[in-house]
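Below is one structure, written out as structure tokens; comments come after it.
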Amino acid sequence: MGNQFKVDRRVFLKGTAAGASTAAIASMFPFVAEAADEIAVGGIHDESGFLDIAGQPMSQVLRFAVAEKNKAGGLLGKQIKLYDYDSQSNMQLYSQYAQQLALKDKASVVFGGITSASREVIRPVLRRYKTLYFYDTLYEGGVCDRNQFATGTTPAQTVEKLVPFVMKKWGGKKIYTLAADYNYGQITADWVKKYVRENGGEILATDYFPLDVTNFGPTISKVQEAKPDILISVLVGSAHLAFYRQWAAAGMMKQIPIAATTFGAGGNEVVLMDPSESDGMINALGYFQEIETPENTKWKADLKAFFGDKMPLLTELSCCTYEGFQFWTKAVEMAGTLDRMKVIEALETGMSIDGPSGKVTIEPKTHHTIRNVYVAEINDRKWQVLETYDQVPPQDTMAVCDLEKNPDDTTMYVIKLDE
Amino acid sequence: MDLAVVVAIEVLNAIAGLVLISIGLAIIFGMMRVINIAHGEFLMMGAYAVLISVKNGINIWVAMLVIAPIVVGVIGVVIERCLIRFLYGRMIDTLLATWGLSLFLIGGVTMIFGNTVEGVSSPMGSLPIGQYSISWYTLFTIVLAVVLLALVYLVMKRTRLGLIARGTMQKPEMAAALGVAPSTVYMVTFGIGAALTGLAGAVLAPVAGVVPSMGVAYIAKAFITVVVGGEAIVVGTTVASSLLGSISQVMTFLTTPVWGDAAMLFVAVILLRILPRGITGRFFRRSI
């Protein structure tokens with residue numbers, strides 16, 4: 001996901017103040033040494049601020065993963081110590097904590113970052129200080145960096161399946177797209193265009209909305225006038241939730257079906273919205289809580305035992321965080337060392353794990369994952385999985401990124417599509 | 001034809017939205033000259049009042065039209081007594097103080113209710129207009145805005161309370177000499193402004209996501225409307241809302257919401273260049 005919520009003046013000031021005081025405290029104890037018999041692992045997630053809905057579960061799941069591994073005897077015979085920082089949805093803190101993890105805590109690996117903006121803050125920092133980085137969020141694709149592994153899905157994995165699925169299910173050729181007006185929304189809307197055309201459909205219009213738009217009255221009238229068969233929503237964030245409410249209030253839920261690429265991807269939309277405002281919506285993601293695999297059932301039971309009533313929200317973001325940690329521990333065990341390059345090389349052997357979402361494989365040329373993609377429909381605040389696509393490769397990133405040929409590449413490619 | 005009706009209703013809806021979010025500010029800023037940066041948070045508290053009430057099984061209409069204005073009105077009075085009353089006549093200081101207040105309220109609500117987006121469903125169904133359909137709630141918003149404007153106008157113009165309030169804002173010393181306690185008048189007026197804002201926030205709750213920082217999305221529009229409107233609070237708010245609301249909504253229909261907002265800001269800048277004291281600084285000068 002891209003920069004989901006803008007950081008406004010207030011949050012900025014709050015965060016800066018907090019950051020300054022943390023920095024001051026940290027500088028008082030510059031030589032806090034870690035115990036040598038522990039392995040330091042870092043996490044940077046937005047546990048407060050605008051993105052807390054997405055960040056808290058990721059942080060909780062990482063904590064669970066570390067505890068689980070420690071209980072099973074640790075890693076290379078040592079216990080893992082988690083340094084988990086709350087970046088408070090604030091970009092300044094991301095850069096500060098990334099440096100702190102790399103230099104002071106001497107973390108062997110860092111998990112974290114939610115928006116594309118936050119990833120682009122910490123990715124160069126961690127590369128400079130030679131600290132391995134896992135980015136566990138679905139996003140618009142295209143990052144090519146040997147120091148980073150991206151475990152989430154990209155549009156070529158999800159949108160590619162979603163578009164033909166809904167066109168077939170709802171028997172529609174005419175599509176209307178509503179998208180958030182920043183990189184994630186625009187790039188994803190381009191992919192929607194491409195796949196609609198490839199499947200013999202027609203895009204009637206694509207409208208973009210800044211993240212603070214809350215009045216969708218005119219848009220709904222325009223959609224009613226255009227009479228599409230299917231509405232595809234790439235709307236993002238809390239203000240845009242107003243669209244679904246106004247759409248339902250205008251009595252449109254029964255008339256034009258919606259496929260939404262972000263709905264329920266990382267947040268609590270599914271629990272939040274009334275069934276009358278969300279029933280029947282379809283999305284394609286790398287993980288849904290309702291997937292029935294032995295790994296997922298066990299994972300959910302283990303989480304329940306660990307957290308009790310405070311179960312984290314299980315979405316693609318929390319699942320990919322867990323799977324990212326599994327990859328890292330497996331690679332460390334395979335390499336028999338914490339050395340960064342040896343671990344990267346182990347991961348590049350085409351390593352697979354069986355995670356809660358199914359089999360996941362690292363695609364060595366792009367450091368993205370080949371994973372199952374699920375298409376599911378919301379029914380009374382629950383996802384009902386309708387279709388499973390096995391082992392979908394991240395073709396968008398594979399088209400632009402080849403780390404075997406260019407191991408020193410650090411580009412974030414914006415994948416151009418033919419108009 | 002159907003389209004014309006739908007566009008007309010949506011334009012009225014945009015105007016009503018601006019009226020609702022700015023009428024309370026027109027009283028607090030336009031009349032009392034308090035630059036209330038926490039205005040957005042008053043809206044937010046109104047929305048939370050509805051959310052919490054509905055969650056506890058209270059009828060949504062009672063929550064919206066009764067509980068929200070009372071809750072925010074009372075909070076407004078407390079804030080006035082503890083903070084604002086020391087700052088009358090010091091406009092820049094009110095800006096700083098209410099900015100701090102705004103941070104405090106966002107932080108406080110986040111601590112109590114969490115930073116999770118919540119919402120209540122829109123309480124009415126939809127109305128088909130030819131091949132289109134609009135929500136009854138849209139019509140309710142428009143009617144409510146008209147009723148509120150009429151109410152504020154009548155209170156200000158026809159009641160003794162309104163007369164005293166207007167007199168006190170113009171010349172507090174003279175009002176005091178005539179036996180009115182300006183401090184009480186200020187408190188009540190601020191409370192009424194806060195209550196109206198709470199009501200507006202309550203009306204927004206079903207159509208927007210309720211989150212502690214939601215006020216940020218509305219505060220700029222509210223200030224622009226009040227500044228463009230000028231001194232006369234009712235007429236100014238009505239004229240400014242009509243002008244800005246119809247321009248932004250027509251542009252939104254023709255293009256996208258981005259251009260709708262841009263056109264509205266553009267017109268506001270031009271208007272303030274030509275009419276620095278707002279529309280009612282030049283026209284309708286003796287109105288309220």
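By order in the structure tokens, chains are A, B, ...; within a chain, residues start at 1; ligands start at 1, following the order shown.
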
- Excluding same-chain residues fewer than 2 positions from stretch 55-61 of chain B, what lies within 12 Å of it counting only C-alpha atoms, as a list in words? Ala47, Tyr48, Ala49, Val50, Leu51, Ile52, Ser53, Ala63, Met64, Leu65, Val66, Ile67, Ala68, Pro69, Glu118, Gly119, Val120, Ser121, Ser122, Pro123, Met124, Tyr137, Phe140, Leu199, Ala202, Val203, Ala205 and Pro206 of chain B

Kindly provide, as a PDB file with N, CA and C atoms, in the first residue's frame, the residues of chain A having any atom no farther than 9 Å from an atom of chain B, counting only C-alpha atoms.
ATOM      1  N   ASP A   8      -0.600  15.091   8.905  1.00  0.00           N
ATOM      2  CA  ASP A   8      -0.896  16.507   8.944  1.00  0.00           C
ATOM      3  C   ASP A   8      -0.054  17.183  10.002  1.00  0.00           C
ATOM      4  N   ARG A  10      -0.660  18.434  12.849  1.00  0.00           N
ATOM      5  CA  ARG A  10      -0.771  18.080  14.263  1.00  0.00           C
ATOM      6  C   ARG A  10       0.016  16.822  14.580  1.00  0.00           C
ATOM      7  N   VAL A  11      -0.227  15.812  13.729  1.00  0.00           N
ATOM      8  CA  VAL A  11       0.469  14.555  13.984  1.00  0.00           C
ATOM      9  C   VAL A  11       1.960  14.772  13.881  1.00  0.00           C
ATOM     10  N   LYS A  14       3.222  16.367  17.029  1.00  0.00           N
ATOM     11  CA  LYS A  14       3.172  15.428  18.124  1.00  0.00           C
ATOM     12  C   LYS A  14       4.346  14.453  18.020  1.00  0.00           C
ATOM     13  N   SER A  48       0.483   3.332  16.670  1.00  0.00           N
ATOM     14  CA  SER A  48      -0.437   4.413  17.007  1.00  0.00           C
ATOM     15  C   SER A  48      -0.490   5.354  15.825  1.00  0.00           C
ATOM     16  N   GLY A  49      -1.396   6.305  15.889  1.00  0.00           N
ATOM     17  CA  GLY A  49      -1.551   7.218  14.767  1.00  0.00           C
ATOM     18  C   GLY A  49      -2.512   6.660  13.737  1.00  0.00           C
ATOM     19  N   PHE A  50      -2.524   7.298  12.552  1.00  0.00           N
ATOM     20  CA  PHE A  50      -3.535   6.968  11.544  1.00  0.00           C
ATOM     21  C   PHE A  50      -3.510   5.512  11.096  1.00  0.00           C
ATOM     22  N   LEU A  51      -2.324   4.893  11.139  1.00  0.00           N
ATOM     23  CA  LEU A  51      -2.194   3.562  10.558  1.00  0.00           C
ATOM     24  C   LEU A  51      -2.227   2.456  11.595  1.00  0.00           C
ATOM     25  N   ASP A  52      -2.662   2.795  12.808  1.00  0.00           N
ATOM     26  CA  ASP A  52      -2.561   1.792  13.875  1.00  0.00           C
ATOM     27  C   ASP A  52      -3.382   0.543  13.602  1.00  0.00           C
ATOM     28  N   ILE A  53      -4.471   0.693  12.846  1.00  0.00           N
ATOM     29  CA  ILE A  53      -5.303  -0.479  12.560  1.00  0.00           C
ATOM     30  C   ILE A  53      -4.470  -1.529  11.845  1.00  0.00           C
ATOM     31  N   ASP A 207     -12.202   7.460 -12.078  1.00  0.00           N
ATOM     32  CA  ASP A 207     -12.178   8.722 -11.327  1.00  0.00           C
ATOM     33  C   ASP A 207     -11.231   8.589 -10.147  1.00  0.00           C
ATOM     34  N   TYR A 208     -10.441   9.641  -9.902  1.00  0.00           N
ATOM     35  CA  TYR A 208      -9.483   9.624  -8.787  1.00  0.00           C
ATOM     36  C   TYR A 208      -9.936  10.582  -7.687  1.00  0.00           C
ATOM     37  N   PHE A 209      -9.675  10.192  -6.441  1.00  0.00           N
ATOM     38  CA  PHE A 209     -10.123  10.994  -5.305  1.00  0.00           C
ATOM     39  C   PHE A 209      -8.987  11.209  -4.319  1.00  0.00           C
ATOM     40  N   PRO A 210      -8.720  12.466  -3.939  1.00  0.00           N
ATOM     41  CA  PRO A 210      -7.753  12.694  -2.858  1.00  0.00           C
ATOM     42  C   PRO A 210      -8.229  11.971  -1.604  1.00  0.00           C
ATOM     43  N   ASP A 212      -8.807  12.797   1.332  1.00  0.00           N
ATOM     44  CA  ASP A 212      -9.697  13.414   2.321  1.00  0.00           C
ATOM     45  C   ASP A 212     -11.098  13.669   1.775  1.00  0.00           C
ATOM     46  N   VAL A 213     -11.399  13.192   0.575  1.00  0.00           N
ATOM     47  CA  VAL A 213     -12.737  13.399   0.024  1.00  0.00           C
ATOM     48  C   VAL A 213     -13.739  12.538   0.796  1.00  0.00           C
ATOM     49  N   THR A 214     -14.834  13.172   1.255  1.00  0.00           N
ATOM     50  CA  THR A 214     -15.846  12.377   1.951  1.00  0.00           C
ATOM     51  C   THR A 214     -17.208  12.469   1.282  1.00  0.00           C
ATOM     52  N   ASN A 215     -17.398  13.424   0.381  1.00  0.00           N
ATOM     53  CA  ASN A 215     -18.706  13.554  -0.260  1.00  0.00           C
ATOM     54  C   ASN A 215     -18.683  12.911  -1.642  1.00  0.00           C
ATOM     55  N   PHE A 216     -19.353  11.764  -1.762  1.00  0.00           N
ATOM     56  CA  PHE A 216     -19.331  11.029  -3.021  1.00  0.00           C
ATOM     57  C   PHE A 216     -20.656  11.136  -3.779  1.00  0.00           C
ATOM     58  N   GLY A 217     -21.525  12.075  -3.355  1.00  0.00           N
ATOM     59  CA  GLY A 217     -22.825  12.227  -4.015  1.00  0.00           C
ATOM     60  C   GLY A 217     -22.717  12.380  -5.521  1.00  0.00           C
ATOM     61  N   PRO A 218     -21.938  13.368  -6.013  1.00  0.00           N
ATOM     62  CA  PRO A 218     -21.826  13.557  -7.467  1.00  0.00           C
ATOM     63  C   PRO A 218     -21.266  12.319  -8.168  1.00  0.00           C
ATOM     64  N   THR A 219     -20.299  11.662  -7.513  1.00  0.00           N
ATOM     65  CA  THR A 219     -19.703  10.472  -8.114  1.00  0.00           C
ATOM     66  C   THR A 219     -20.749   9.385  -8.293  1.00  0.00           C
ATOM     67  N   ILE A 220     -21.567   9.196  -7.266  1.00  0.00           N
ATOM     68  CA  ILE A 220     -22.586   8.148  -7.341  1.00  0.00           C
ATOM     69  C   ILE A 220     -23.558   8.461  -8.476  1.00  0.00           C
ATOM     70  N   SER A 221     -23.925   9.740  -8.624  1.00  0.00           N
ATOM     71  CA  SER A 221     -24.807  10.107  -9.737  1.00  0.00           C
ATOM     72  C   SER A 221     -24.139   9.821 -11.073  1.00  0.00           C
ATOM     73  N   LYS A 222     -22.838  10.129 -11.158  1.00  0.00           N
ATOM     74  CA  LYS A 222     -22.132   9.880 -12.418  1.00  0.00           C
ATOM     75  C   LYS A 222     -22.097   8.392 -12.742  1.00  0.00           C
ATOM     76  N   GLN A 224     -24.258   6.211 -11.756  1.00  0.00           N
ATOM     77  CA  GLN A 224     -25.618   5.812 -12.139  1.00  0.00           C
ATOM     78  C   GLN A 224     -25.897   6.186 -13.586  1.00  0.00           C
ATOM     79  N   GLU A 225     -25.349   7.317 -13.996  1.00  0.00           N
ATOM     80  CA  GLU A 225     -25.573   7.762 -15.363  1.00  0.00           C
ATOM     81  C   GLU A 225     -24.824   6.861 -16.345  1.00  0.00           C
ATOM     82  N   SER A 238      -9.735   6.014   5.688  1.00  0.00           N
ATOM     83  CA  SER A 238     -10.957   6.148   6.466  1.00  0.00           C
ATOM     84  C   SER A 238     -11.964   7.086   5.814  1.00  0.00           C
ATOM     85  N   ALA A 239     -11.496   8.178   5.192  1.00  0.00           N
ATOM     86  CA  ALA A 239     -12.442   9.114   4.588  1.00  0.00           C
ATOM     87  C   ALA A 239     -13.213   8.420   3.465  1.00  0.00           C
ATOM     88  N   HIS A 240     -12.511   7.584   2.709  1.00  0.00           N
ATOM     89  CA  HIS A 240     -13.145   6.936   1.562  1.00  0.00           C
ATOM     90  C   HIS A 240     -14.172   5.883   1.958  1.00  0.00           C
ATOM     91  N   LEU A 241     -14.156   5.461   3.217  1.00  0.00           N
ATOM     92  CA  LEU A 241     -15.188   4.519   3.656  1.00  0.00           C
ATOM     93  C   LEU A 241     -16.567   5.138   3.472  1.00  0.00           C
ATOM     94  N   ALA A 242     -16.603   6.483   3.495  1.00  0.00           N
ATOM     95  CA  ALA A 242     -17.867   7.188   3.300  1.00  0.00           C
ATOM     96  C   ALA A 242     -18.506   6.786   1.979  1.00  0.00           C
ATOM     97  N   PHE A 243     -17.677   6.446   0.989  1.00  0.00           N
ATOM     98  CA  PHE A 243     -18.247   6.050  -0.300  1.00  0.00           C
ATOM     99  C   PHE A 243     -19.186   4.864  -0.139  1.00  0.00           C
ATOM    100  N   ARG A 245     -20.770   3.784   2.434  1.00  0.00           N
ATOM    101  CA  ARG A 245     -21.990   4.139   3.165  1.00  0.00           C
ATOM    102  C   ARG A 245     -22.958   4.877   2.248  1.00  0.00           C
ATOM    103  N   GLN A 246     -22.433   5.851   1.490  1.00  0.00           N
ATOM    104  CA  GLN A 246     -23.310   6.653   0.641  1.00  0.00           C
ATOM    105  C   GLN A 246     -23.851   5.816  -0.511  1.00  0.00           C
ATOM    106  N   TRP A 247     -23.026   4.894  -0.993  1.00  0.00           N
ATOM    107  CA  TRP A 247     -23.444   3.987  -2.065  1.00  0.00           C
ATOM    108  C   TRP A 247     -24.618   3.126  -1.574  1.00  0.00           C
ATOM    109  N   ALA A 248     -24.483   2.577  -0.377  1.00  0.00           N
ATOM    110  CA  ALA A 248     -25.554   1.753   0.184  1.00  0.00           C
ATOM    111  C   ALA A 248     -26.780   2.610   0.457  1.00  0.00           C
ATOM    112  N   ALA A 249     -26.558   3.840   0.957  1.00  0.00           N
ATOM    113  CA  ALA A 249     -27.688   4.709   1.278  1.00  0.00           C
ATOM    114  C   ALA A 249     -28.460   5.094   0.020  1.00  0.00           C
ATOM    115  N   ALA A 250     -27.770   5.167  -1.120  1.00  0.00           N
ATOM    116  CA  ALA A 250     -28.442   5.494  -2.377  1.00  0.00           C
ATOM    117  C   ALA A 250     -29.102   4.256  -2.989  1.00  0.00           C
ATOM    118  N   GLY A 251     -29.068   3.147  -2.251  1.00  0.00           N
ATOM    119  CA  GLY A 251     -29.746   1.936  -2.715  1.00  0.00           C
ATOM    120  C   GLY A 251     -29.044   1.239  -3.858  1.00  0.00           C
ATOM    121  N   MET A 252     -27.711   1.436  -3.979  1.00  0.00           N
ATOM    122  CA  MET A 252     -27.005   0.898  -5.141  1.00  0.00           C
ATOM    123  C   MET A 252     -26.420  -0.491  -4.916  1.00  0.00           C
ATOM    124  N   ASN A 268      -9.882  -2.924   9.411  1.00  0.00           N
ATOM    125  CA  ASN A 268     -11.008  -3.615  10.012  1.00  0.00           C
ATOM    126  C   ASN A 268     -12.313  -3.284   9.304  1.00  0.00           C
ATOM    127  N   GLU A 269     -12.225  -2.886   8.019  1.00  0.00           N
ATOM    128  CA  GLU A 269     -13.428  -2.463   7.296  1.00  0.00           C
ATOM    129  C   GLU A 269     -14.539  -3.504   7.383  1.00  0.00           C
ATOM    130  N   LEU A 272     -16.211  -3.406  10.584  1.00  0.00           N
ATOM    131  CA  LEU A 272     -16.737  -2.075  10.866  1.00  0.00           C
ATOM    132  C   LEU A 272     -18.039  -1.790  10.139  1.00  0.00           C
ATOM    133  N   MET A 273     -18.106  -2.162   8.863  1.00  0.00           N
ATOM    134  CA  MET A 273     -19.259  -1.773   8.063  1.00  0.00           C
ATOM    135  C   MET A 273     -20.431  -2.698   8.362  1.00  0.00           C
ATOM    136  N   ASP A 274     -21.615  -2.127   8.234  1.00  0.00           N
ATOM    137  CA  ASP A 274     -22.817  -2.919   8.404  1.00  0.00           C
ATOM    138  C   ASP A 274     -22.920  -3.902   7.237  1.00  0.00           C
ATOM    139  N   SER A 276     -25.282  -4.572   5.452  1.00  0.00           N
ATOM    140  CA  SER A 276     -26.031  -3.984   4.340  1.00  0.00           C
ATOM    141  C   SER A 276     -25.143  -3.091   3.487  1.00  0.00           C
ATOM    142  N   GLU A 277     -23.980  -2.686   4.030  1.00  0.00           N
ATOM    143  CA  GLU A 277     -23.089  -1.814   3.268  1.00  0.00           C
ATOM    144  C   GLU A 277     -21.926  -2.576   2.652  1.00  0.00           C
TER     145      GLU A 277
END

- Length of the atom CA of B:Ile23 to atom CA of B:Val239 vector [Å]: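 Result for atom CA of B:Ile23 versus atom CA of B:Val239: 12.0 Å, one decimal.
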
- Expressed in Å to a single decimal, how great is the separation between atom CA of A:Ala54 and atom CA of A:Thr206? 27.0 Å

- Kindly give the distance, in Å, that separates atom CA of B:Phe42 and atom CA of B:Ala195, rounded to a single decimal. 8.5 Å

- Item | Distance query A:Phe64 at most 10 Å, only C-alpha atoms, self and fewer than 2 positions along chain excluded, as a ChimeraX atom specification | /A:58-62,66-70,302-303,306-307,322

- Task: Check stretch 192-391 of chain A with DSSP on the backbone and list each residue it calls strand (DSSP E), as a PyMOL selection string.
- Result: chain A and resi 202-209+230-234+258-260+282-285+352-355+358-363+368-379+382-391

- Task: Pull the helix (DSSP H, G or I) assignments for stretch 324-360 of chain A out of DSSP run on the backbone, and list those residues as a PyMOL selection string.
- Result: chain A and resi 324-335+340-347

Take the residues that were just selected and, keeping N, CA and C atoms, output them as a PDB file, in the first residue's frame.
ATOM      1  N   GLY A 324       7.121 -13.783   6.707  1.00  0.00           N
ATOM      2  CA  GLY A 324       8.434 -13.170   6.544  1.00  0.00           C
ATOM      3  C   GLY A 324       9.392 -13.660   7.620  1.00  0.00           C
ATOM      4  N   PHE A 325       8.892 -13.721   8.860  1.00  0.00           N
ATOM      5  CA  PHE A 325       9.735 -14.193   9.958  1.00  0.00           C
ATOM      6  C   PHE A 325      10.111 -15.662   9.768  1.00  0.00           C
ATOM      7  N   GLN A 326       9.153 -16.470   9.285  1.00  0.00           N
ATOM      8  CA  GLN A 326       9.453 -17.887   9.020  1.00  0.00           C
ATOM      9  C   GLN A 326      10.571 -18.019   7.988  1.00  0.00           C
ATOM     10  N   PHE A 327      10.481 -17.200   6.935  1.00  0.00           N
ATOM     11  CA  PHE A 327      11.508 -17.240   5.893  1.00  0.00           C
ATOM     12  C   PHE A 327      12.875 -16.931   6.489  1.00  0.00           C
ATOM     13  N   TRP A 328      12.917 -15.893   7.292  1.00  0.00           N
ATOM     14  CA  TRP A 328      14.206 -15.455   7.822  1.00  0.00           C
ATOM     15  C   TRP A 328      14.816 -16.536   8.714  1.00  0.00           C
ATOM     16  N   THR A 329      13.993 -17.102   9.624  1.00  0.00           N
ATOM     17  CA  THR A 329      14.559 -18.114  10.533  1.00  0.00           C
ATOM     18  C   THR A 329      15.004 -19.346   9.744  1.00  0.00           C
ATOM     19  N   LYS A 330      14.216 -19.718   8.732  1.00  0.00           N
ATOM     20  CA  LYS A 330      14.583 -20.888   7.942  1.00  0.00           C
ATOM     21  C   LYS A 330      15.918 -20.635   7.222  1.00  0.00           C
ATOM     22  N   ALA A 331      16.064 -19.426   6.696  1.00  0.00           N
ATOM     23  CA  ALA A 331      17.290 -19.091   5.962  1.00  0.00           C
ATOM     24  C   ALA A 331      18.490 -19.062   6.902  1.00  0.00           C
ATOM     25  N   VAL A 332      18.299 -18.523   8.116  1.00  0.00           N
ATOM     26  CA  VAL A 332      19.403 -18.475   9.072  1.00  0.00           C
ATOM     27  C   VAL A 332      19.831 -19.891   9.444  1.00  0.00           C
ATOM     28  N   GLU A 333      18.840 -20.756   9.652  1.00  0.00           N
ATOM     29  CA  GLU A 333      19.172 -22.140  10.007  1.00  0.00           C
ATOM     30  C   GLU A 333      19.890 -22.849   8.861  1.00  0.00           C
ATOM     31  N   MET A 334      19.453 -22.542   7.632  1.00  0.00           N
ATOM     32  CA  MET A 334      20.072 -23.156   6.468  1.00  0.00           C
ATOM     33  C   MET A 334      21.506 -22.668   6.311  1.00  0.00           C
ATOM     34  N   ALA A 335      21.708 -21.350   6.497  1.00  0.00           N
ATOM     35  CA  ALA A 335      23.038 -20.780   6.340  1.00  0.00           C
ATOM     36  C   ALA A 335      23.918 -21.103   7.548  1.00  0.00           C
ATOM     37  N   ARG A 340      24.659 -11.493   6.881  1.00  0.00           N
ATOM     38  CA  ARG A 340      23.600 -11.009   6.002  1.00  0.00           C
ATOM     39  C   ARG A 340      23.664 -11.626   4.614  1.00  0.00           C
ATOM     40  N   MET A 341      24.838 -11.615   3.986  1.00  0.00           N
ATOM     41  CA  MET A 341      24.927 -12.105   2.614  1.00  0.00           C
ATOM     42  C   MET A 341      24.620 -13.596   2.548  1.00  0.00           C
ATOM     43  N   LYS A 342      25.073 -14.347   3.551  1.00  0.00           N
ATOM     44  CA  LYS A 342      24.818 -15.789   3.537  1.00  0.00           C
ATOM     45  C   LYS A 342      23.326 -16.070   3.693  1.00  0.00           C
ATOM     46  N   VAL A 343      22.667 -15.261   4.517  1.00  0.00           N
ATOM     47  CA  VAL A 343      21.222 -15.436   4.692  1.00  0.00           C
ATOM     48  C   VAL A 343      20.492 -15.086   3.397  1.00  0.00           C
ATOM     49  N   ILE A 344      20.908 -13.985   2.752  1.00  0.00           N
ATOM     50  CA  ILE A 344      20.286 -13.597   1.478  1.00  0.00           C
ATOM     51  C   ILE A 344      20.471 -14.710   0.454  1.00  0.00           C
ATOM     52  N   GLU A 345      21.684 -15.260   0.409  1.00  0.00           N
ATOM     53  CA  GLU A 345      21.934 -16.331  -0.561  1.00  0.00           C
ATOM     54  C   GLU A 345      21.072 -17.560  -0.265  1.00  0.00           C
ATOM     55  N   ALA A 346      20.870 -17.846   1.011  1.00  0.00           N
ATOM     56  CA  ALA A 346      20.002 -18.975   1.363  1.00  0.00           C
ATOM     57  C   ALA A 346      18.575 -18.713   0.895  1.00  0.00           C
ATOM     58  N   LEU A 347      18.116 -17.482   1.097  1.00  0.00           N
ATOM     59  CA  LEU A 347      16.750 -17.140   0.661  1.00  0.00           C
ATOM     60  C   LEU A 347      16.630 -17.212  -0.861  1.00  0.00           C
TER      61      LEU A 347
END

- Item | Neighbour list for B:Pro276 as a list of chain:residue names, cut-off 9 Å, only C-alpha atoms, skip fewer than 6 positions in-chain | B:Val227, B:Val228, B:Gly230

Using only N, CA and C atoms, please write the residues we just selected to a file, as a PDB file, in the first residue's frame.
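So the final result, stored in part_6.pdb, reads:
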ATOM      1  N   VAL B 227     -15.045  33.298   6.585  1.00  0.00           N
ATOM      2  CA  VAL B 227     -14.288  34.492   6.195  1.00  0.00           C
ATOM      3  C   VAL B 227     -14.894  35.113   4.944  1.00  0.00           C
ATOM      4  N   VAL B 228     -15.233  34.273   3.971  1.00  0.00           N
ATOM      5  CA  VAL B 228     -15.847  34.800   2.750  1.00  0.00           C
ATOM      6  C   VAL B 228     -17.200  35.413   3.070  1.00  0.00           C
ATOM      7  N   GLY B 230     -18.186  36.948   5.826  1.00  0.00           N
ATOM      8  CA  GLY B 230     -18.058  38.270   6.438  1.00  0.00           C
ATOM      9  C   GLY B 230     -18.823  38.390   7.736  1.00  0.00           C
TER      10      GLY B 230
END
